Amino acid sequence: MASYRTEVWSDWCPGCGDFGILAAMQKAFAELNLDPAQTVVVSGIGCSSKTPHFINVNGVHTIHGRGIAFATGIKLANPQLKVIVNGGDGDLLGIGVAHFVALGRRNLDVTVLIHNNKVYGLTKGQASPTLRRGEKVKSLPVPNLQDAVNPIALAIASGYTFVARAYSLWVDHLKEILKAAINHKGSAVIDVLQPCVTYNDIYTAEFYKDRLYKLEDDPSWDPIVRDPSEDEEKKAAAIKKAEEWGTRIPVGVFYVNPLKDTYEERLAQRNPSYSIDNPPALQPISREDGSPIVGPDEFRKIFKRFIVNVKKL
Amino acid sequence: MRKDVVLLVGGAQGSGLETTMQVLAPAYASLGYGVLANREYFSNIVGRHSYIHIRVSSSGEARPLYYPADFLGAMDAETVFTHWDDIGEGAFLLYDLGTARMRLQQIASMEPDLRSRLMQQYREAGIEPFTVEKVVEYLEREKRVRVIGLSFTALFDVLIKKHGLSRAQAQRFRSSILIGAIAGLTSLDREALDLGLQRRFGSRPKVLEINRDFIASVADEVEKEYGAQLKLEPAEPKSGEYVVASGNDVVAMGKVVGGVRYQAYYPITPASDESVLLEEFEGLKIDGESLGSIAILQTEDEIAAVSSVIGAALTGARASTATSGPGFSLMVEALGWAGKNDVPMVITYYQRGGPSTGLPTRGSQSDLLFSLFASHGEFPRIILSSGDHLEAFYDAIEAYNLAERFQMPVIHLLDKFLANMVASVPFPDWKAIKIDRGKTLFKAPTGPFKRFPRDQPLADRPVLGSGAITWYTGDENDEYGHIDEDPVNRLVMYERRWKKMEIADREIPEDFRVKYYGDEDAEVLLVGWGSVKIPALEAIERLREMGVNAAYLHLRMLSPLPKRRVSEVLSRFDADRVIAVEANYLGQASKIVTMETGFMFRKYILKWTGRPVYLHELVEGVLDIVRNGRDKVVLSYGK
């Protein structure tokens, strides 16, 4: 089994929830036996976005909020690659929220991990989009005046077809959800609750300890859409479930719809020349002598309507 | 018979002007004439004043536009009012008799500034009251303009009767009035005209038939009444086959030949037409067989467009985006990431009038300095700027080659003038086209890979999925692409990136990057870039005929600027005889030349109205500088 660890030292604070997510990723990749060369971990900016450097697969550590946008180009140009995005809740749901929504609309086969600690850690603890109104974490001088976005409800409304929540300190539980997310065909998101030991004195391990429960422990909970007619109902139930946040907080899989076409499939339907077996990135564009594959004759045929032959008078 | 004819057709946006151009351009090109047509329009969908300015040249080349025009075809009163002084002595004016009584004050769509300026001009010319009729009378009397007054209503009546159309349906054939009149005056070969019609209406036989019939009746009547007074000399074709297309079109075609496999864009004028055309050809199908596929994504914003392009480029796909100023502004952060990470990405950048939304549908060359300096920190980039349609085609291909060969982002600068001008372009020479993928590896040794070896500025570039494992980060990095803030590493890596620029400067031939047109011993040198090339090349011919031996130095690559060659040319001229010609306020290219060579410009011809630099005003501007010693001439012709 390939090793999914690198030699790079992770400079996260001792006790950071990111360690749990990293461990779950390494374990999940190992259990799925992902080919490191065919796997790409893409991230944005922030503590969580350093993750790619610690995993022994291709890593693309990009700019704030844009991990999903980079991943979109990677996946569309070569859909053979497994693409996993890491980012914080500020990264993915604040600055990058347009891309977060767009990925759901497309249902491109990409997995997103939200490292959700409700603060901007690397810039020293400002409020992130998931911190609720009225909350004052350690580094805020005054309580937060903005309402929180609900990542689960937003993901479902945007069109994600695999939506889950996990807890970074329950590494094996997260690992199992992650494996399911990676195996899911379509846009998958896992909102990973994660204590920030340095800046968040509300959402601590202590806070989560007594509140979290697993959805799968409820035998009546079934998040999977098995027929298109169930979709509306399952979505509504999942969104309702996502609103539960108090003495009891659910983790687990909220919604799965394996029936919807991915963007790659939609593209291939419209344009049969596009396929996963022959992805754009790997298609030849030149002949052996370096001349373009679209030579003058091909050009004349493709762009026929722009070409005018001069009439001999 | 004439060597050139300049036509102007105007009307409300959406009134058939585009159709007129789409029919006439291939028709003339099929006879070997050179055609260049520019479209001017407001940022509006239907109703505001728009016009097309066409030059048909028997030289067989698409030659620059100038005023006055030989023919003005007015679809409405506003066109007569607006363009009354754009036509010369003895020109033809076609207008709708039904608009004769319209008053200037009634034209609600006209901008108040123009209306009050026109009132002032009409008063000075003694045109009162301000009616179409009075303007027409003035032109007939004072400028011997030959007026073709037609009752559009009567023409539509005939059409309605003959083909059983409703009035609304008949009005859809209004472009035929313009096409017919032009065909009659220029005695356009009917077979050639038919080819133009087939191209435009071929898929709708009934519409084609009515157009054909209607055009023939107008053409016959006009030719009978006025004679073929604008008949052109037989053409001297420059090619057996022409590509008749806009700048947007030729860039899309170049991208297809250059092997584009991924393009992402967010809609913006005047860039989106390029991506829309690419999308039409996404399957690259020929007789049912596919040569590949282009993944084209309309993204949620420009940030996503450029970011996804970088992602696609990392997989080895030739990847690009097309945008204009406001869109590029949003792409700037990602541009820095690409520059930092040796990513071969292409941004096709169509400049329009700024700042801010400025003149969204008008042209400019005011984003050169922004392209050169955009994004924080320092990193190398190539800036390529095309001077005409043929250059734009080759440059679209070369942009990918340069990006992959030198592993850095390439900004391909064009402007709205070129984007929207339709030209007849000689069929490209495929011998000049090569695909160069540099050190791109599609199969690489497995395991962690030193993507950024300290001693190799241009290293092997295994793509994602090639077998190697690579890391990329926006932070400073070590040889593997992991974050590394060590000062000695920083020193080496920073320099390593800039060394690629030195290599590019050494290896990209100077005669590709800069071209000198004219006599070696010319006394006046025009220095320009982008679509200034189009008027400049004919301006130096005209100036020679007027006793001024001028040459033109065309800057095609602004970064790296071929400074040795540019300095050498500039050193041959007295600084008072070197004129920067640019469609901006600052003389932006001249600033780059000064920065790179130390040469101080003293003379400028500049234009920032959003309208193209016309041949006649450029010639006058040069004469003003040469003969009157002026330092700066600001051009302003055009509506």
# chains A, B, ... in the order shown; residues from 1 in each chain; ligands from 1
call {"tool": "closest_atom_pairs", "arguments": {"of": "chain B", "to": "chain A", "cutoff": "7 Å", "atoms": "only C-alpha atoms", "output": "CSV"}}
result
residue,atom,partner,partner_atom,distance
B:Pro26,CA,A:Val308,CA,6.4
B:Ala29,CA,A:Val308,CA,6.8
B:Ser30,CA,A:Val310,CA,4.3
B:Leu31,CA,A:Val310,CA,5.5
B:Gly32,CA,A:Val310,CA,5.4
B:Gly240,CA,A:Val310,CA,5.3
B:Glu241,CA,A:Asn309,CA,4.3
B:Tyr242,CA,A:Val308,CA,5.1
B:Val243,CA,A:Ile307,CA,4.6
B:Val244,CA,A:Phe306,CA,5.4
B:Ala245,CA,A:Phe306,CA,6.2
B:Val257,CA,A:Val294,CA,5.2
B:Gly258,CA,A:Pro292,CA,6.7
B:Gly259,CA,A:Ile285,CA,5.0
B:Arg261,CA,A:Pro280,CA,5.3
B:Tyr262,CA,A:Ala77,CA,6.5
B:Gly283,CA,A:Ser273,CA,5.2
B:Ile286,CA,A:Ile302,CA,6.3
B:Ser290,CA,A:Ser273,CA,6.2
B:Gly292,CA,A:Ser273,CA,6.0
B:Ser293,CA,A:Ser273,CA,5.3
B:Ile294,CA,A:Pro280,CA,6.5
B:Ala295,CA,A:Ala77,CA,6.9
B:Glu300,CA,A:Ala102,CA,6.6
B:Ala304,CA,A:Ala69,CA,4.9
B:Ser307,CA,A:Phe70,CA,4.8
B:Ser308,CA,A:Gly73,CA,3.9
B:Val309,CA,A:Gly73,CA,5.7
B:Ile310,CA,A:Phe70,CA,6.5
B:Gly311,CA,A:Ile74,CA,4.5
B:Ala312,CA,A:Gly73,CA,4.4
B:Thr315,CA,A:Ala281,CA,6.0
B:Gly316,CA,A:Ala281,CA,5.3
B:Ala317,CA,A:Ala281,CA,4.0
B:Trp430,CA,A:Pro296,CA,6.6
B:Ile433,CA,A:Ser291,CA,6.6
B:Lys434,CA,A:Ser291,CA,5.0
B:Ile435,CA,A:Gly290,CA,5.3
B:Asp436,CA,A:Gly290,CA,7.0
B:Gly465,CA,A:Gln38,CA,4.8
B:Ser466,CA,A:Ala37,CA,6.9
B:Gly467,CA,A:Ala37,CA,4.9
B:Ala468,CA,A:Ala37,CA,5.8
B:Ile469,CA,A:Asn58,CA,5.0
B:Thr470,CA,A:Asn58,CA,5.1
B:Trp471,CA,A:Gly59,CA,4.5
B:Tyr472,CA,A:Val60,CA,4.8
B:Thr473,CA,A:His61,CA,4.5
B:Gly474,CA,A:Thr62,CA,5.9
B:His482,CA,A:His53,CA,6.2
call {"tool": "write_last_selection", "arguments": {"atoms": "N, CA and C atoms", "output": "short mmCIF file (atom, residue, chain, number, x, y, z; two decimals), in the first residue's frame"}}
result
data_model
loop_
_atom_site.label_atom_id
_atom_site.label_comp_id
_atom_site.auth_asym_id
_atom_site.auth_seq_id
_atom_site.Cartn_x
_atom_site.Cartn_y
_atom_site.Cartn_z
N PRO B 26 -18.41 38.94 -47.95
CA PRO B 26 -17.98 37.78 -48.76
C PRO B 26 -18.21 37.99 -50.26
N ALA B 29 -15.28 39.95 -51.42
CA ALA B 29 -14.08 39.11 -51.27
C ALA B 29 -14.03 38.04 -52.34
N SER B 30 -15.18 37.54 -52.74
CA SER B 30 -15.19 36.47 -53.74
C SER B 30 -14.75 36.97 -55.11
N LEU B 31 -14.71 38.29 -55.25
CA LEU B 31 -14.19 38.87 -56.50
C LEU B 31 -12.74 39.31 -56.34
N GLY B 32 -12.19 39.01 -55.18
CA GLY B 32 -10.78 39.33 -54.95
C GLY B 32 -10.54 40.68 -54.32
N GLY B 240 -5.98 33.17 -53.38
CA GLY B 240 -7.03 32.48 -54.13
C GLY B 240 -8.25 32.22 -53.26
N GLU B 241 -8.02 32.23 -51.97
CA GLU B 241 -9.14 32.11 -51.05
C GLU B 241 -8.91 33.00 -49.84
N TYR B 242 -10.00 33.63 -49.44
CA TYR B 242 -9.93 34.51 -48.29
C TYR B 242 -10.71 33.91 -47.12
N VAL B 243 -10.25 34.24 -45.92
CA VAL B 243 -11.06 34.01 -44.73
C VAL B 243 -11.73 35.35 -44.45
N VAL B 244 -13.04 35.38 -44.41
CA VAL B 244 -13.74 36.64 -44.13
C VAL B 244 -14.33 36.52 -42.73
N ALA B 245 -13.75 37.27 -41.81
CA ALA B 245 -14.09 37.05 -40.41
C ALA B 245 -13.71 38.25 -39.56
N VAL B 257 -6.62 25.80 -34.27
CA VAL B 257 -5.41 25.28 -34.92
C VAL B 257 -4.31 25.06 -33.88
N GLY B 258 -4.22 25.98 -32.94
CA GLY B 258 -3.19 25.89 -31.90
C GLY B 258 -3.46 24.79 -30.89
N GLY B 259 -4.61 24.14 -30.98
CA GLY B 259 -4.85 22.98 -30.12
C GLY B 259 -5.54 23.30 -28.81
N ARG B 261 -7.79 23.08 -25.84
CA ARG B 261 -8.59 21.96 -25.32
C ARG B 261 -9.45 22.40 -24.15
N TYR B 262 -9.21 23.60 -23.67
CA TYR B 262 -10.03 24.12 -22.58
C TYR B 262 -10.12 25.62 -22.69
N GLY B 283 -16.85 20.11 -30.81
CA GLY B 283 -16.64 18.71 -31.18
C GLY B 283 -15.57 18.50 -32.23
N ILE B 286 -15.30 16.69 -38.42
CA ILE B 286 -15.15 16.82 -39.87
C ILE B 286 -15.77 15.59 -40.50
N SER B 290 -14.24 13.03 -35.44
CA SER B 290 -13.79 14.07 -34.54
C SER B 290 -12.26 14.10 -34.45
N GLY B 292 -10.95 15.75 -31.90
CA GLY B 292 -10.70 16.02 -30.48
C GLY B 292 -11.90 16.75 -29.92
N SER B 293 -11.70 17.40 -28.80
CA SER B 293 -12.82 18.15 -28.23
C SER B 293 -12.29 19.31 -27.43
N ILE B 294 -13.08 20.35 -27.40
CA ILE B 294 -12.73 21.52 -26.59
C ILE B 294 -13.75 21.60 -25.47
N ALA B 295 -13.27 21.57 -24.24
CA ALA B 295 -14.18 21.78 -23.11
C ALA B 295 -14.30 23.27 -22.91
N GLU B 300 -19.00 31.22 -13.38
CA GLU B 300 -19.79 32.11 -12.53
C GLU B 300 -19.20 33.51 -12.47
N ALA B 304 -13.33 32.63 -11.56
CA ALA B 304 -13.46 31.20 -11.80
C ALA B 304 -12.92 30.85 -13.19
N SER B 307 -9.10 30.88 -12.99
CA SER B 307 -8.61 29.85 -12.08
C SER B 307 -8.78 28.47 -12.70
N SER B 308 -9.90 28.25 -13.35
CA SER B 308 -10.11 26.94 -13.96
C SER B 308 -9.18 26.74 -15.15
N VAL B 309 -8.85 27.83 -15.82
CA VAL B 309 -7.89 27.74 -16.93
C VAL B 309 -6.52 27.29 -16.40
N ILE B 310 -6.14 27.82 -15.26
CA ILE B 310 -4.86 27.40 -14.67
C ILE B 310 -4.92 25.91 -14.34
N GLY B 311 -6.04 25.50 -13.74
CA GLY B 311 -6.21 24.08 -13.40
C GLY B 311 -6.08 23.22 -14.64
N ALA B 312 -6.75 23.62 -15.71
CA ALA B 312 -6.70 22.84 -16.95
C ALA B 312 -5.28 22.83 -17.52
N THR B 315 -3.06 20.23 -16.19
CA THR B 315 -3.28 18.85 -16.68
C THR B 315 -2.66 18.64 -18.06
N GLY B 316 -2.12 19.70 -18.64
CA GLY B 316 -1.50 19.58 -19.95
C GLY B 316 -2.37 20.04 -21.09
N ALA B 317 -3.62 20.41 -20.79
CA ALA B 317 -4.48 20.91 -21.86
C ALA B 317 -4.04 22.32 -22.24
N TRP B 430 0.29 27.60 -43.79
CA TRP B 430 0.49 26.56 -42.76
C TRP B 430 1.96 26.20 -42.56
N ILE B 433 3.26 27.54 -39.41
CA ILE B 433 2.61 27.15 -38.15
C ILE B 433 3.22 25.87 -37.58
N LYS B 434 3.70 25.97 -36.35
CA LYS B 434 4.26 24.80 -35.66
C LYS B 434 3.67 24.75 -34.26
N ILE B 435 3.54 23.55 -33.76
CA ILE B 435 3.11 23.39 -32.37
C ILE B 435 4.36 23.06 -31.55
N ASP B 436 4.62 23.87 -30.53
CA ASP B 436 5.80 23.66 -29.68
C ASP B 436 5.33 23.52 -28.24
N GLY B 465 -1.37 13.79 -13.51
CA GLY B 465 -1.80 12.53 -14.12
C GLY B 465 -0.72 11.86 -14.95
N SER B 466 0.46 12.46 -15.02
CA SER B 466 1.52 11.92 -15.88
C SER B 466 2.29 10.77 -15.22
N GLY B 467 2.02 10.54 -13.94
CA GLY B 467 2.78 9.51 -13.22
C GLY B 467 3.59 10.11 -12.09
N ALA B 468 4.07 11.33 -12.31
CA ALA B 468 4.84 12.01 -11.27
C ALA B 468 3.88 12.58 -10.22
N ILE B 469 4.44 12.90 -9.07
CA ILE B 469 3.66 13.62 -8.06
C ILE B 469 4.28 15.00 -7.92
N THR B 470 3.46 16.01 -8.12
CA THR B 470 3.97 17.39 -8.07
C THR B 470 3.13 18.21 -7.11
N TRP B 471 3.75 19.25 -6.57
CA TRP B 471 3.02 20.19 -5.71
C TRP B 471 3.20 21.60 -6.26
N TYR B 472 2.15 22.36 -6.07
CA TYR B 472 2.17 23.78 -6.47
C TYR B 472 1.63 24.59 -5.31
N THR B 473 2.18 25.76 -5.11
CA THR B 473 1.65 26.66 -4.08
C THR B 473 1.88 28.11 -4.49
N GLY B 474 1.04 28.99 -3.99
CA GLY B 474 1.25 30.42 -4.23
C GLY B 474 2.35 30.98 -3.34
N HIS B 482 6.93 22.58 -2.36
CA HIS B 482 6.44 22.78 -1.00
C HIS B 482 6.86 24.16 -0.50
#
call {"tool": "residues_around", "arguments": {"residues": "range 173-187 of chain B", "least_positions_apart": "5", "cutoff": "8 Å", "atoms": "only C-alpha atoms", "output": "list in words"}}
result
Val9, Ser15, Gly16, Leu17, Thr19, Thr20, Val23, Leu24, Gly73, Leu94, Leu193, Asn211, Phe214, Ile215, Ala216, Ser217, Val218, Ala219, Asp220, Glu221, Val222, Glu223, Tyr226, Gly227, Ala228, Gln229, Leu230, Lys231 and Leu232 of chain B
call {"tool": "select_by_dssp", "arguments": {"residues": "range 272-457 of chain B", "states": "strand (DSSP E or B)", "output": "ChimeraX atom specification"}}
result
/B:285-286,289-290,295-298,318-324,346-353,359-363,382-385,410-415,422-426,440-441,447-448
call {"tool": "write_last_selection", "arguments": {"atoms": "N, CA and C atoms", "output": "compact mmCIF listing (two decimals), in the first residue's frame"}}
result
# COMPACT_ATOMS: atom_id res chain seq x y z
N LYS B 285 -15.57 18.41 -35.35
CA LYS B 285 -16.04 17.35 -36.25
C LYS B 285 -15.79 17.68 -37.71
N ILE B 286 -15.30 16.69 -38.42
CA ILE B 286 -15.15 16.82 -39.87
C ILE B 286 -15.77 15.59 -40.50
N GLU B 289 -16.26 12.71 -38.34
CA GLU B 289 -15.10 12.25 -37.57
C GLU B 289 -14.62 13.39 -36.67
N SER B 290 -14.24 13.03 -35.44
CA SER B 290 -13.79 14.07 -34.54
C SER B 290 -12.26 14.10 -34.45
N ALA B 295 -13.27 21.57 -24.24
CA ALA B 295 -14.18 21.78 -23.11
C ALA B 295 -14.30 23.27 -22.91
N ILE B 296 -15.52 23.77 -23.04
CA ILE B 296 -15.73 25.22 -22.90
C ILE B 296 -16.69 25.44 -21.75
N LEU B 297 -16.28 26.27 -20.83
CA LEU B 297 -17.10 26.48 -19.64
C LEU B 297 -17.42 27.95 -19.47
N GLN B 298 -18.71 28.25 -19.42
CA GLN B 298 -19.12 29.60 -19.02
C GLN B 298 -19.20 29.58 -17.50
N ARG B 318 -4.09 22.61 -23.52
CA ARG B 318 -3.88 24.01 -23.92
C ARG B 318 -5.12 24.77 -23.49
N ALA B 319 -4.92 25.73 -22.59
CA ALA B 319 -6.05 26.34 -21.92
C ALA B 319 -5.96 27.86 -21.97
N SER B 320 -7.13 28.48 -22.12
CA SER B 320 -7.15 29.93 -22.26
C SER B 320 -8.48 30.49 -21.83
N THR B 321 -8.49 31.80 -21.64
CA THR B 321 -9.72 32.53 -21.41
C THR B 321 -9.68 33.76 -22.31
N ALA B 322 -10.85 34.37 -22.51
CA ALA B 322 -10.91 35.61 -23.29
C ALA B 322 -11.72 36.60 -22.50
N THR B 323 -11.21 37.82 -22.40
CA THR B 323 -11.90 38.81 -21.58
C THR B 323 -11.56 40.21 -22.05
N SER B 324 -12.10 41.20 -21.34
CA SER B 324 -11.66 42.58 -21.56
C SER B 324 -11.43 43.23 -20.20
N VAL B 346 -3.00 31.11 -21.23
CA VAL B 346 -3.17 32.22 -22.17
C VAL B 346 -4.42 33.03 -21.80
N ILE B 347 -4.23 34.33 -21.68
CA ILE B 347 -5.37 35.23 -21.51
C ILE B 347 -5.47 36.08 -22.77
N THR B 348 -6.57 35.93 -23.48
CA THR B 348 -6.80 36.77 -24.65
C THR B 348 -7.57 37.99 -24.17
N TYR B 349 -6.98 39.13 -24.35
CA TYR B 349 -7.45 40.35 -23.70
C TYR B 349 -7.84 41.38 -24.76
N TYR B 350 -9.15 41.59 -24.91
CA TYR B 350 -9.65 42.57 -25.87
C TYR B 350 -9.87 43.90 -25.14
N GLN B 351 -9.05 44.88 -25.42
CA GLN B 351 -9.18 46.16 -24.72
C GLN B 351 -10.37 46.96 -25.23
N ARG B 352 -11.08 47.57 -24.29
CA ARG B 352 -12.16 48.48 -24.65
C ARG B 352 -11.96 49.75 -23.85
N GLY B 353 -12.84 50.72 -24.04
CA GLY B 353 -12.63 52.02 -23.40
C GLY B 353 -12.90 51.99 -21.90
N LEU B 359 -16.33 52.98 -21.92
CA LEU B 359 -17.12 52.84 -23.14
C LEU B 359 -17.15 51.33 -23.45
N PRO B 360 -18.18 50.65 -22.97
CA PRO B 360 -18.15 49.18 -23.03
C PRO B 360 -18.08 48.59 -24.44
N THR B 361 -18.60 49.33 -25.42
CA THR B 361 -18.63 48.76 -26.78
C THR B 361 -17.68 49.49 -27.72
N ARG B 362 -16.79 50.28 -27.16
CA ARG B 362 -15.86 51.04 -28.01
C ARG B 362 -14.44 50.59 -27.72
N GLY B 363 -13.55 50.96 -28.60
CA GLY B 363 -12.19 50.44 -28.50
C GLY B 363 -11.21 51.35 -27.80
N ILE B 382 4.59 37.09 -20.75
CA ILE B 382 4.78 37.51 -22.14
C ILE B 382 3.55 38.29 -22.57
N ILE B 383 3.78 39.43 -23.21
CA ILE B 383 2.67 40.21 -23.76
C ILE B 383 2.85 40.33 -25.26
N LEU B 384 1.84 39.79 -25.93
CA LEU B 384 1.85 39.74 -27.38
C LEU B 384 0.67 40.57 -27.84
N SER B 385 0.89 41.42 -28.83
CA SER B 385 -0.21 42.27 -29.28
C SER B 385 -0.31 42.20 -30.80
N VAL B 410 0.83 33.99 -20.82
CA VAL B 410 0.92 34.87 -21.98
C VAL B 410 -0.37 35.67 -22.06
N ILE B 411 -0.22 36.98 -22.16
CA ILE B 411 -1.38 37.84 -22.38
C ILE B 411 -1.36 38.24 -23.84
N HIS B 412 -2.43 37.85 -24.51
CA HIS B 412 -2.55 38.20 -25.94
C HIS B 412 -3.48 39.40 -26.01
N LEU B 413 -2.91 40.55 -26.30
CA LEU B 413 -3.68 41.80 -26.30
C LEU B 413 -4.23 42.09 -27.68
N LEU B 414 -5.52 42.38 -27.68
CA LEU B 414 -6.14 42.87 -28.91
C LEU B 414 -6.98 44.07 -28.47
N ASP B 415 -7.74 44.62 -29.39
CA ASP B 415 -8.62 45.69 -28.99
C ASP B 415 -9.95 45.51 -29.67
N VAL B 422 -14.55 43.29 -39.41
CA VAL B 422 -14.54 42.12 -40.28
C VAL B 422 -13.58 42.42 -41.42
N ALA B 423 -12.70 41.46 -41.70
CA ALA B 423 -11.72 41.68 -42.76
C ALA B 423 -11.64 40.46 -43.65
N SER B 424 -11.21 40.71 -44.89
CA SER B 424 -10.88 39.59 -45.78
C SER B 424 -9.40 39.31 -45.56
N VAL B 425 -9.12 38.12 -45.08
CA VAL B 425 -7.75 37.76 -44.73
C VAL B 425 -7.27 36.69 -45.71
N PRO B 426 -6.09 36.87 -46.31
CA PRO B 426 -5.58 35.80 -47.18
C PRO B 426 -5.48 34.48 -46.42
N THR B 440 6.87 19.89 -21.82
CA THR B 440 5.69 19.28 -21.22
C THR B 440 5.82 17.76 -21.28
N LEU B 441 5.61 17.09 -20.14
CA LEU B 441 5.70 15.62 -20.09
C LEU B 441 4.34 15.02 -19.80
N GLY B 447 6.39 8.95 -8.56
CA GLY B 447 6.91 9.45 -7.29
C GLY B 447 7.06 10.95 -7.28
N PRO B 448 7.41 11.51 -6.11
CA PRO B 448 7.59 12.96 -5.99
C PRO B 448 8.60 13.47 -7.01
call {"tool": "residues_around", "arguments": {"residues": "Pro228 in chain A", "least_positions_apart": "4", "cutoff": "10 Å", "atoms": "only C-alpha atoms", "output": "ChimeraX atom specification"}}
result
/A:232,257-260
call {"tool": "atom_distance", "arguments": {"atom1": "CA of Lys209 in chain A", "atom2": "CA of Trp9 in chain A"}}
result
28.7 Å
call {"tool": "select_by_dssp", "arguments": {"residues": "range 109-175 of chain B", "states": "helix (DSSP H, G or I)", "output": "NGL selection string"}}
result
:B and (112-125 or 132-143 or 152-163 or 167-171 or 175)
call {"tool": "atom_distance", "arguments": {"atom1": "CA of Ser636 in chain B", "atom2": "CA of Ser590 in chain B"}}
result
20.2 Å
call {"tool": "residues_around", "arguments": {"residues": "range 108-111 of chain B", "least_positions_apart": "6", "cutoff": "9 Å", "atoms": "only C-alpha atoms", "output": "NGL selection string"}}
result
:B and (12 or 47-49 or 78 or 82)
call {"tool": "write_last_selection", "arguments": {"atoms": "N, CA and C atoms", "output": "PDB file, in the first residue's frame"}}
result
ATOM      1  N   ALA B  12     -30.838  52.215 -36.558  1.00  0.00           N
ATOM      2  CA  ALA B  12     -31.003  51.798 -35.172  1.00  0.00           C
ATOM      3  C   ALA B  12     -30.393  50.418 -35.001  1.00  0.00           C
ATOM      4  N   GLY B  47     -32.266  49.637 -30.765  1.00  0.00           N
ATOM      5  CA  GLY B  47     -32.810  50.994 -30.833  1.00  0.00           C
ATOM      6  C   GLY B  47     -31.818  52.125 -30.958  1.00  0.00           C
ATOM      7  N   ARG B  48     -30.619  51.992 -30.366  1.00  0.00           N
ATOM      8  CA  ARG B  48     -29.721  53.150 -30.440  1.00  0.00           C
ATOM      9  C   ARG B  48     -28.931  53.139 -31.738  1.00  0.00           C
ATOM     10  N   HIS B  49     -28.356  54.286 -32.030  1.00  0.00           N
ATOM     11  CA  HIS B  49     -27.707  54.440 -33.324  1.00  0.00           C
ATOM     12  C   HIS B  49     -26.455  53.584 -33.463  1.00  0.00           C
ATOM     13  N   GLU B  78     -32.077  59.614 -37.907  1.00  0.00           N
ATOM     14  CA  GLU B  78     -30.925  59.859 -37.028  1.00  0.00           C
ATOM     15  C   GLU B  78     -29.604  59.703 -37.785  1.00  0.00           C
ATOM     16  N   THR B  82     -26.830  62.509 -38.025  1.00  0.00           N
ATOM     17  CA  THR B  82     -25.544  62.230 -37.383  1.00  0.00           C
ATOM     18  C   THR B  82     -24.377  62.266 -38.376  1.00  0.00           C
TER      19      THR B  82
END
call {"tool": "closest_residue", "arguments": {"among": "B:Val527, B:Lys134, B:Gly14, B:Pro64", "to": "Val35 in chain B", "atoms": "only C-alpha atoms"}}
result
B:Pro64
call {"tool": "atom_distance", "arguments": {"atom1": "CA of Ala166 in chain A", "atom2": "CA of Asp218 in chain A"}}
result
15.7 Å
call {"tool": "residues_around", "arguments": {"residues": "Pro560 in chain B", "least_positions_apart": "5", "cutoff": "10 Å", "atoms": "only C-alpha atoms", "output": "list in words"}}
result
Leu372, Pro380, Arg381, Ile382, Ile383, Leu384, Met501, Glu502, Ala504, Asp505, Arg506, Ile508, Arg513 and Glu596 of chain B
